[in-house]
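Reproduced below: coords-v9.json, with JSON, C-alpha atoms.
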[["chain", "number", "residue", "atom", "x", "y", "z"],
["A", 1, "MET", "CA", 49.72, -35.44, -123.65],
["A", 2, "ASN", "CA", 49.68, -33.62, -120.30],
["A", 3, "GLU", "CA", 47.47, -34.86, -117.53],
["A", 4, "ILE", "CA", 45.64, -32.44, -115.31],
["A", 5, "ASN", "CA", 45.31, -33.45, -111.68],
["A", 6, "ALA", "CA", 41.99, -32.16, -110.44],
["A", 7, "SER", "CA", 40.77, -32.62, -106.90],
["A", 8, "VAL", "CA", 37.18, -33.28, -105.97],
["A", 9, "PRO", "CA", 35.65, -30.31, -104.12],
["A", 10, "THR", "CA", 35.20, -30.94, -100.41],
["A", 11, "PRO", "CA", 32.70, -29.19, -98.14],
["A", 12, "GLU", "CA", 35.63, -27.19, -96.73],
["A", 13, "SER", "CA", 36.80, -26.02, -100.16],
["A", 14, "LEU", "CA", 33.23, -25.06, -101.02],
["A", 15, "ASP", "CA", 33.06, -23.06, -97.76],
["A", 16, "ARG", "CA", 36.25, -21.26, -98.81],
["A", 17, "ALA", "CA", 34.77, -20.49, -102.22],
["A", 18, "THR", "CA", 31.64, -19.13, -100.53],
["A", 19, "LEU", "CA", 33.77, -16.89, -98.28],
["A", 20, "ALA", "CA", 35.67, -15.60, -101.32],
["A", 21, "PHE", "CA", 32.39, -14.97, -103.17],
["A", 22, "ASP", "CA", 30.95, -13.16, -100.13],
["A", 23, "GLY", "CA", 34.08, -11.00, -100.00],
["A", 24, "LEU", "CA", 33.70, -10.07, -103.66],
["A", 25, "ALA", "CA", 29.99, -9.35, -103.18],
["A", 26, "GLY", "CA", 30.87, -7.02, -100.29],
["A", 27, "ALA", "CA", 33.45, -5.23, -102.41],
["A", 28, "LEU", "CA", 30.94, -4.78, -105.21],
["A", 29, "GLN", "CA", 28.39, -3.29, -102.79],
["A", 30, "VAL", "CA", 30.97, -0.64, -101.92],
["A", 31, "ALA", "CA", 31.16, 0.14, -105.66],
["A", 32, "GLN", "CA", 27.83, 1.92, -105.52],
["A", 33, "THR", "CA", 29.09, 4.64, -103.17],
["A", 34, "ALA", "CA", 32.89, 4.78, -103.54],
["A", 35, "PRO", "CA", 34.96, 6.58, -106.18],
["A", 36, "ARG", "CA", 35.82, 4.37, -109.19],
["A", 37, "GLY", "CA", 39.55, 4.02, -108.41],
["A", 38, "GLU", "CA", 38.86, 2.91, -104.86],
["A", 39, "VAL", "CA", 36.40, 0.27, -106.07],
["A", 40, "VAL", "CA", 38.89, -1.20, -108.52],
["A", 41, "ALA", "CA", 41.54, -1.34, -105.79],
["A", 42, "ARG", "CA", 39.20, -3.04, -103.28],
["A", 43, "VAL", "CA", 37.93, -5.61, -105.77],
["A", 44, "GLY", "CA", 41.53, -6.34, -106.82],
["A", 45, "GLU", "CA", 42.67, -6.74, -103.19],
["A", 46, "THR", "CA", 39.72, -9.01, -102.38],
["A", 47, "LEU", "CA", 40.32, -11.13, -105.46],
["A", 48, "ALA", "CA", 44.07, -11.40, -104.75],
["A", 49, "ALA", "CA", 43.38, -12.43, -101.14],
["A", 50, "ALA", "CA", 40.84, -15.06, -102.25],
["A", 51, "VAL", "CA", 43.25, -16.53, -104.80],
["A", 52, "ALA", "CA", 46.17, -16.56, -102.35],
["A", 53, "ASP", "CA", 44.01, -18.21, -99.70],
["A", 54, "SER", "CA", 42.82, -20.88, -102.15],
["A", 55, "VAL", "CA", 46.34, -21.62, -103.35],
["A", 56, "SER", "CA", 47.66, -21.97, -99.78],
["A", 57, "HIS", "CA", 44.78, -24.35, -99.01],
["A", 58, "PHE", "CA", 45.70, -26.69, -101.85],
["A", 59, "ASN", "CA", 49.48, -26.28, -101.48],
["A", 60, "PRO", "CA", 50.30, -26.32, -97.76],
["A", 61, "PRO", "CA", 53.89, -25.45, -96.85],
["A", 62, "PRO", "CA", 56.42, -28.33, -96.59],
["A", 63, "GLY", "CA", 56.21, -30.05, -93.22],
["A", 64, "ALA", "CA", 52.71, -28.75, -92.54],
["A", 65, "ILE", "CA", 50.10, -30.93, -90.92],
["A", 66, "VAL", "CA", 46.97, -30.86, -93.09],
["A", 67, "LEU", "CA", 43.91, -30.93, -90.83],
["A", 68, "GLU", "CA", 41.17, -33.40, -91.73],
["A", 69, "THR", "CA", 38.68, -31.12, -90.02],
["A", 70, "PRO", "CA", 39.62, -27.45, -90.57],
["A", 71, "ILE", "CA", 39.20, -25.01, -87.71],
["A", 72, "ARG", "CA", 36.94, -22.02, -88.33],
["A", 73, "ARG", "CA", 37.90, -18.83, -86.48],
["A", 74, "GLY", "CA", 35.57, -16.05, -87.57],
["A", 75, "ASP", "CA", 36.09, -15.63, -91.32],
["A", 76, "GLN", "CA", 39.39, -17.55, -91.20],
["A", 77, "LEU", "CA", 39.51, -21.25, -92.02],
["A", 78, "ILE", "CA", 42.66, -22.99, -90.74],
["A", 79, "THR", "CA", 43.34, -26.02, -92.93],
["A", 80, "SER", "CA", 46.96, -26.78, -92.01],
["A", 81, "LEU", "CA", 49.40, -26.15, -89.19],
["A", 82, "THR", "CA", 53.15, -25.85, -89.03],
["A", 83, "LEU", "CA", 54.78, -26.71, -85.72],
["A", 84, "ARG", "CA", 58.17, -25.40, -84.63],
["A", 85, "LYS", "CA", 60.41, -27.46, -82.39],
["A", 86, "PRO", "CA", 59.94, -26.28, -78.80],
["A", 87, "ASP", "CA", 62.89, -25.22, -76.68],
["A", 88, "ALA", "CA", 63.19, -25.66, -72.91],
["A", 89, "GLY", "CA", 61.51, -22.32, -72.20],
["A", 90, "THR", "CA", 58.55, -23.20, -74.40],
["A", 91, "LEU", "CA", 58.12, -26.48, -72.50],
["A", 92, "ARG", "CA", 58.06, -24.71, -69.11],
["A", 93, "GLY", "CA", 55.23, -26.02, -66.93],
["A", 94, "ILE", "CA", 54.57, -29.07, -69.12],
["A", 95, "LYS", "CA", 55.67, -32.57, -68.13],
["A", 96, "LEU", "CA", 57.60, -34.22, -70.95],
["A", 97, "ALA", "CA", 56.11, -37.59, -69.99],
["A", 98, "ASP", "CA", 52.63, -36.13, -70.56],
["A", 99, "LEU", "CA", 53.58, -34.99, -74.07],
["A", 100, "LEU", "CA", 55.10, -38.37, -74.90],
["A", 101, "GLN", "CA", 51.90, -40.06, -73.68],
["A", 102, "MET", "CA", 49.85, -37.74, -75.95],
["A", 103, "ASP", "CA", 48.07, -36.17, -72.98],
["A", 104, "VAL", "CA", 45.40, -33.82, -74.34],
["A", 105, "GLY", "CA", 45.92, -31.22, -71.60],
["A", 106, "ALA", "CA", 49.67, -31.05, -72.22],
["A", 107, "LEU", "CA", 49.16, -30.81, -75.99],
["A", 108, "THR", "CA", 46.54, -28.06, -75.75],
["A", 109, "THR", "CA", 48.92, -26.12, -73.47],
["A", 110, "LEU", "CA", 51.84, -26.52, -75.89],
["A", 111, "LEU", "CA", 50.05, -25.91, -79.20],
["A", 112, "PRO", "CA", 49.46, -22.15, -78.81],
["A", 113, "ARG", "CA", 53.19, -21.80, -78.14],
["A", 114, "ILE", "CA", 54.48, -23.67, -81.21],
["A", 115, "SER", "CA", 51.80, -23.58, -83.92],
["A", 116, "SER", "CA", 51.61, -21.41, -86.99],
["A", 117, "PRO", "CA", 49.07, -20.01, -87.47],
["A", 118, "THR", "CA", 48.90, -19.64, -83.72],
["A", 119, "LEU", "CA", 46.08, -21.66, -82.24],
["A", 120, "THR", "CA", 44.32, -20.42, -79.14],
["A", 121, "ALA", "CA", 43.59, -22.81, -76.28],
["A", 122, "ALA", "CA", 39.95, -22.78, -77.45],
["A", 123, "ASP", "CA", 41.03, -23.72, -81.00],
["A", 124, "ALA", "CA", 43.18, -26.56, -79.66],
["A", 125, "ALA", "CA", 40.26, -27.84, -77.58],
["A", 126, "LYS", "CA", 38.10, -28.05, -80.76],
["A", 127, "LEU", "CA", 40.57, -30.21, -82.70],
["A", 128, "ASP", "CA", 39.27, -33.39, -84.28],
["A", 129, "PRO", "CA", 40.78, -36.44, -82.51],
["A", 130, "VAL", "CA", 42.40, -37.58, -85.80],
["A", 131, "ASP", "CA", 44.11, -34.19, -86.14],
["A", 132, "LEU", "CA", 45.12, -34.23, -82.47],
["A", 133, "VAL", "CA", 46.86, -37.60, -82.92],
["A", 134, "SER", "CA", 48.67, -36.31, -86.04],
["A", 135, "ILE", "CA", 49.86, -33.28, -84.09],
["A", 136, "ALA", "CA", 50.84, -35.37, -81.05],
["A", 137, "THR", "CA", 52.87, -37.67, -83.31],
["A", 138, "GLU", "CA", 54.72, -34.70, -84.77],
["A", 139, "VAL", "CA", 55.37, -33.33, -81.27],
["A", 140, "GLY", "CA", 56.71, -36.75, -80.22],
["A", 141, "ASN", "CA", 59.10, -36.70, -83.19],
["A", 142, "PHE", "CA", 60.68, -33.53, -81.80],
["A", 143, "PHE", "CA", 62.03, -35.63, -78.90],
["A", 144, "LEU", "CA", 63.75, -38.22, -81.11],
["A", 145, "PRO", "CA", 67.49, -37.99, -81.75],
["A", 146, "LYS", "CA", 68.44, -36.96, -85.29],
["A", 147, "ALA", "CA", 69.64, -40.46, -86.24],
["A", 148, "GLN", "CA", 66.27, -41.99, -85.29],
["A", 149, "ARG", "CA", 64.32, -39.30, -87.19],
["A", 150, "GLU", "CA", 66.41, -39.95, -90.29],
["A", 151, "SER", "CA", 65.91, -43.71, -90.06],
["A", 152, "LEU", "CA", 62.13, -43.21, -89.77],
["A", 153, "SER", "CA", 61.99, -41.03, -92.87],
["A", 154, "ALA", "CA", 64.13, -43.39, -94.95]]
Reformat the file's structure so that it appears as structure tokens.
Amino acid sequence: MNEINASVPTPESLDRATLAFDGLAGALQVAQTAPRGEVVARVGETLAAAVADSVSHFNPPPGAIVLETPIRRGDQLITSLTLRKPDAGTLRGIKLADLLQMDVGALTTLLPRISSPTLTAADAAKLDPVDLVSIATEVGNFFLPKAQRESLSA
């Protein structure tokens, strides 16, 4: 017998469902005035976007940091971040010691440069402290030699 793993809805997932529902409601309002073909296309696009957004929320990309407190930016809800390893140019103007000490100012300067989706400085300033520590830990791992990173993951 196959087991189905179901997750308990969180307030964030309910917010996402509400946004998807609002998008569909908006598309259906257009149905009253638009030609039939256009309505079908808009409803289909809205539905596809809502499904893709929901799937990405529950299946973040490998290596992504799942935020305990998602960041709302307009209609967008950022639930996970992927960080790329910074190069010397990306670190320009930031003291490495500050990053290694998890200095909030240094992290909020670096995050817009290395995060995907790209966080603004205002987004970085709104991060939950738990999420900030998770991000700072990942940034600190970028400075470890390969052998140490491998021994930590083993």
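Picture a line from atom CA of A:Thr82 to atom CA of A:Ile65; it runs 6.2 Å.
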Item to complete: May I ask which of the residues A:Gly74, A:Gly63, A:Pro86, A:Pro145 is the closest one to A:Ile114, counting all atoms listed in the file?
Response: A:Pro86
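Our summary of the geometry notes that atom CA of A:Ile94 is positioned 19.5 Å from atom CA of A:Leu127.
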Please put the answer as lines of an AutoDock Vina configuration file: centre and edge lengths, in Å with one decimal, of a box along x, y and z that encloses all listed atoms of stretch 84-93 of chain A plus 6 Å on each side.
center_x = 59.2
center_y = -24.9
center_z = -75.8
size_x = 20.0
size_y = 17.1
size_z = 29.7
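By all atoms listed in the file, and with residues fewer than 3 positions from A:Ser134 along its chain excluded, the set lying at most 12 Å from it is Ala64, Ile65, Val66, Leu67, Glu68, Thr69, Ser80, Leu81, Thr82, Leu83, Met102, Leu107, Leu127, Asp128, Pro129, Val130, Asp131, Thr137, Glu138, Val139, Gly140 and Asn141 of chain A.
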Can you write just those residues out, C-alpha atoms, as a compact mmCIF listing (two decimals), in the coordinates of the input?
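The result, stored in out02.txt:
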# COMPACT_ATOMS: atom_id res chain seq x y z
CA ALA A 64 52.71 -28.75 -92.54
CA ILE A 65 50.10 -30.93 -90.92
CA VAL A 66 46.97 -30.86 -93.09
CA LEU A 67 43.91 -30.93 -90.83
CA GLU A 68 41.17 -33.40 -91.73
CA THR A 69 38.68 -31.12 -90.02
CA SER A 80 46.96 -26.78 -92.01
CA LEU A 81 49.40 -26.15 -89.19
CA THR A 82 53.15 -25.85 -89.03
CA LEU A 83 54.78 -26.71 -85.72
CA MET A 102 49.85 -37.74 -75.95
CA LEU A 107 49.16 -30.81 -75.99
CA LEU A 127 40.57 -30.21 -82.70
CA ASP A 128 39.27 -33.39 -84.28
CA PRO A 129 40.78 -36.44 -82.51
CA VAL A 130 42.40 -37.58 -85.80
CA ASP A 131 44.11 -34.19 -86.14
CA THR A 137 52.87 -37.67 -83.31
CA GLU A 138 54.72 -34.70 -84.77
CA VAL A 139 55.37 -33.33 -81.27
CA GLY A 140 56.71 -36.75 -80.22
CA ASN A 141 59.10 -36.70 -83.19
Could I get stretch 136-152 of chain A from the block written out with all heavy atoms, as a short mmCIF file (atom, residue, chain, number, x, y, z; two decimals), in the first residue's frame?
data_model
loop_
_atom_site.label_atom_id
_atom_site.label_comp_id
_atom_site.auth_asym_id
_atom_site.auth_seq_id
_atom_site.Cartn_x
_atom_site.Cartn_y
_atom_site.Cartn_z
N ALA A 136 23.48 33.42 7.36
CA ALA A 136 24.84 33.73 7.78
C ALA A 136 25.69 32.47 7.87
O ALA A 136 26.88 32.48 7.52
CB ALA A 136 24.82 34.46 9.12
N THR A 137 25.08 31.37 8.33
CA THR A 137 25.80 30.10 8.40
C THR A 137 26.19 29.62 7.01
O THR A 137 27.33 29.17 6.79
CB THR A 137 24.93 29.03 9.11
OG1 THR A 137 24.59 29.52 10.41
CG2 THR A 137 25.64 27.71 9.23
N GLU A 138 25.27 29.74 6.08
CA GLU A 138 25.57 29.34 4.69
C GLU A 138 26.67 30.23 4.10
O GLU A 138 27.57 29.73 3.42
CB GLU A 138 24.31 29.43 3.83
CG GLU A 138 24.49 28.94 2.42
CD GLU A 138 24.79 27.46 2.33
OE1 GLU A 138 24.40 26.70 3.23
OE2 GLU A 138 25.41 27.06 1.33
N VAL A 139 26.62 31.52 4.37
CA VAL A 139 27.66 32.43 3.89
C VAL A 139 29.00 32.04 4.50
O VAL A 139 30.02 32.00 3.82
CB VAL A 139 27.30 33.91 4.21
CG1 VAL A 139 28.49 34.83 3.97
CG2 VAL A 139 26.12 34.36 3.37
N GLY A 140 29.02 31.73 5.79
CA GLY A 140 30.26 31.30 6.45
C GLY A 140 30.83 30.04 5.82
O GLY A 140 32.06 29.89 5.71
N ASN A 141 29.96 29.13 5.37
CA ASN A 141 30.42 27.90 4.73
C ASN A 141 31.15 28.17 3.42
O ASN A 141 31.99 27.37 3.00
CB ASN A 141 29.25 26.94 4.48
CG ASN A 141 28.74 26.32 5.76
OD1 ASN A 141 29.44 26.26 6.77
ND2 ASN A 141 27.50 25.87 5.73
N PHE A 142 30.85 29.29 2.77
CA PHE A 142 31.54 29.63 1.53
C PHE A 142 33.04 29.87 1.77
O PHE A 142 33.83 29.77 0.84
CB PHE A 142 30.94 30.89 0.89
CG PHE A 142 29.57 30.70 0.31
CD1 PHE A 142 28.63 31.71 0.40
CD2 PHE A 142 29.22 29.54 -0.34
CE1 PHE A 142 27.36 31.56 -0.14
CE2 PHE A 142 27.95 29.37 -0.89
CZ PHE A 142 27.03 30.39 -0.79
N PHE A 143 33.42 30.19 2.99
CA PHE A 143 34.81 30.51 3.30
C PHE A 143 35.61 29.30 3.79
O PHE A 143 36.78 29.42 4.09
CB PHE A 143 34.87 31.65 4.34
CG PHE A 143 34.29 32.93 3.82
CD1 PHE A 143 33.04 33.33 4.21
CD2 PHE A 143 34.99 33.71 2.92
CE1 PHE A 143 32.48 34.51 3.73
CE2 PHE A 143 34.44 34.89 2.42
CZ PHE A 143 33.19 35.29 2.82
N LEU A 144 34.96 28.15 3.89
CA LEU A 144 35.64 26.93 4.33
C LEU A 144 36.31 26.25 3.14
O LEU A 144 35.75 26.21 2.05
CB LEU A 144 34.65 25.96 4.96
CG LEU A 144 34.00 26.37 6.26
CD1 LEU A 144 32.97 25.33 6.69
CD2 LEU A 144 35.04 26.56 7.35
N PRO A 145 37.50 25.68 3.35
CA PRO A 145 38.12 24.89 2.28
C PRO A 145 37.25 23.68 1.95
O PRO A 145 36.48 23.21 2.79
CB PRO A 145 39.46 24.45 2.89
CG PRO A 145 39.70 25.38 4.04
CD PRO A 145 38.35 25.81 4.52
N LYS A 146 37.39 23.17 0.75
CA LYS A 146 36.57 22.06 0.27
C LYS A 146 36.62 20.85 1.20
O LYS A 146 35.60 20.24 1.48
CB LYS A 146 37.03 21.68 -1.15
CG LYS A 146 36.17 20.64 -1.81
CD LYS A 146 36.67 20.36 -3.21
CE LYS A 146 35.79 19.34 -3.89
NZ LYS A 146 36.24 19.09 -5.27
N ALA A 147 37.81 20.52 1.69
CA ALA A 147 37.96 19.35 2.57
C ALA A 147 37.12 19.51 3.84
O ALA A 147 36.48 18.56 4.31
CB ALA A 147 39.42 19.13 2.92
N GLN A 148 37.09 20.70 4.41
CA GLN A 148 36.31 20.94 5.62
C GLN A 148 34.81 20.88 5.32
O GLN A 148 34.04 20.36 6.12
CB GLN A 148 36.65 22.28 6.25
CG GLN A 148 37.96 22.25 7.03
CD GLN A 148 38.21 23.57 7.72
OE1 GLN A 148 37.95 24.63 7.15
NE2 GLN A 148 38.75 23.51 8.91
N ARG A 149 34.39 21.43 4.18
CA ARG A 149 32.96 21.37 3.81
C ARG A 149 32.52 19.93 3.64
O ARG A 149 31.43 19.54 4.08
CB ARG A 149 32.70 22.14 2.51
CG ARG A 149 32.68 23.63 2.66
CD ARG A 149 32.12 24.31 1.42
NE ARG A 149 32.65 23.84 0.17
CZ ARG A 149 33.69 24.38 -0.48
NH1 ARG A 149 34.30 25.43 0.02
NH2 ARG A 149 34.10 23.87 -1.63
N GLU A 150 33.37 19.12 3.01
CA GLU A 150 33.03 17.70 2.81
C GLU A 150 32.96 16.95 4.12
O GLU A 150 32.11 16.09 4.31
CB GLU A 150 34.03 17.05 1.85
CG GLU A 150 33.86 17.53 0.42
CD GLU A 150 34.95 17.02 -0.51
OE1 GLU A 150 35.92 16.37 -0.02
OE2 GLU A 150 34.86 17.29 -1.71
N SER A 151 33.86 17.26 5.06
CA SER A 151 33.83 16.56 6.35
C SER A 151 32.61 16.96 7.16
O SER A 151 32.09 16.17 7.94
CB SER A 151 35.12 16.81 7.14
OG SER A 151 35.18 18.15 7.58
N LEU A 152 32.13 18.18 6.98
CA LEU A 152 30.92 18.63 7.70
C LEU A 152 29.68 17.95 7.15
O LEU A 152 28.75 17.65 7.91
CB LEU A 152 30.76 20.14 7.59
CG LEU A 152 31.71 20.99 8.41
CD1 LEU A 152 31.51 22.47 8.10
CD2 LEU A 152 31.53 20.72 9.89
#
